[in-house]
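**Q** A single structure is presented below for examination.
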Amino acid sequence: MSAALVAPAAGASESEPVTSSRSFKGQQSRSADLLKESTSVEVKDNANYGGIESLNVPKTESKAEKEAKAKAEAEKKAQEEAAKQAAAQEAAAQSASRSSERTSTSESSSTGASSSTADAGSVTVPAGSDFVKRALAVIGSGYQPSGYVWTGSTSTSSFTCSGLVDFALGYPSNSNWPEKYYAMVSNKTTDISQLKYGDLVFFHYAGRSPGHVGIYLGNGMMVDSAPGGGVQVRGIGSSFMGGGTL
């Protein structure tokens, strides 16, 4: 800064005021910008902050869900078993029906003409198991339209339906026929569930009632002799008319 001094004018009285003036050069000043604190919050969508923890926890079934699932599986299994049993019974019934229908009508003439029939009172049935075992022992033997031919070998022996029963009882050929056996049995029933092991079972065939006979094994099955198969175990078919115990 500079100042200019002005000297008093010459001859001026001392009593007169003395004046002076000053001049100052303009001074420029700069003000510093003040820093202002600011806070900025910014979230970037593509920023990776370590990710979110993911737990791989398996789903656990509730008790109700487990019970419902088990019930559904049990019902499905029961339906499948019922369908299998129904199919097996139907197939057995059809097989027995076809076998009975194929039984030759010559059995009627050959056995019906026989005079050496056994009286009802003369029939002696061996123990059930032995009686049935004798019939089962000749499975595979052929069918023939008159009596039976037992040669000691199933490959050369043959039986009619009543001839198989004669053989199982130890009677000679043509001892009885289906109608005669039907008259001998007691406790006749048309309810298969009431039949017992070793009972005789009878069938409608070729206008005869009965025209065919077999030996009951249980569970709807029997052993008999019929054309097209000879002595076999078959299911009881729709032509069943009744059965009973000798």
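Residues in the structure tokens are numbered from 1 in each chain, the chains being A, B, ... in the order shown, and ligands are numbered from 1 in the order shown.
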Set the distance at 10 Å and use only C-alpha atoms: which residues neighbour stretch 158-170 of chain A once local chain neighbours fewer than 5 positions away are removed? I'd like the list as a count of residues only.
**A** 52
**Q** So, counting only C-alpha atoms, which residue among A:Leu246, A:Leu195, A:Val233, A:Ala183 is closest to A:Pro210?
**A**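 Between A:Leu246, A:Leu195, A:Val233, A:Ala183, the residue approaching A:Pro210 most closely is A:Ala183.
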**Q** How far is it from atom CA of A:Asp199 to atom CA of A:Asn174, in Å with one decimal?
**A**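 Separation of atom CA of A:Asp199 and atom CA of A:Asn174: 19.9 Å.
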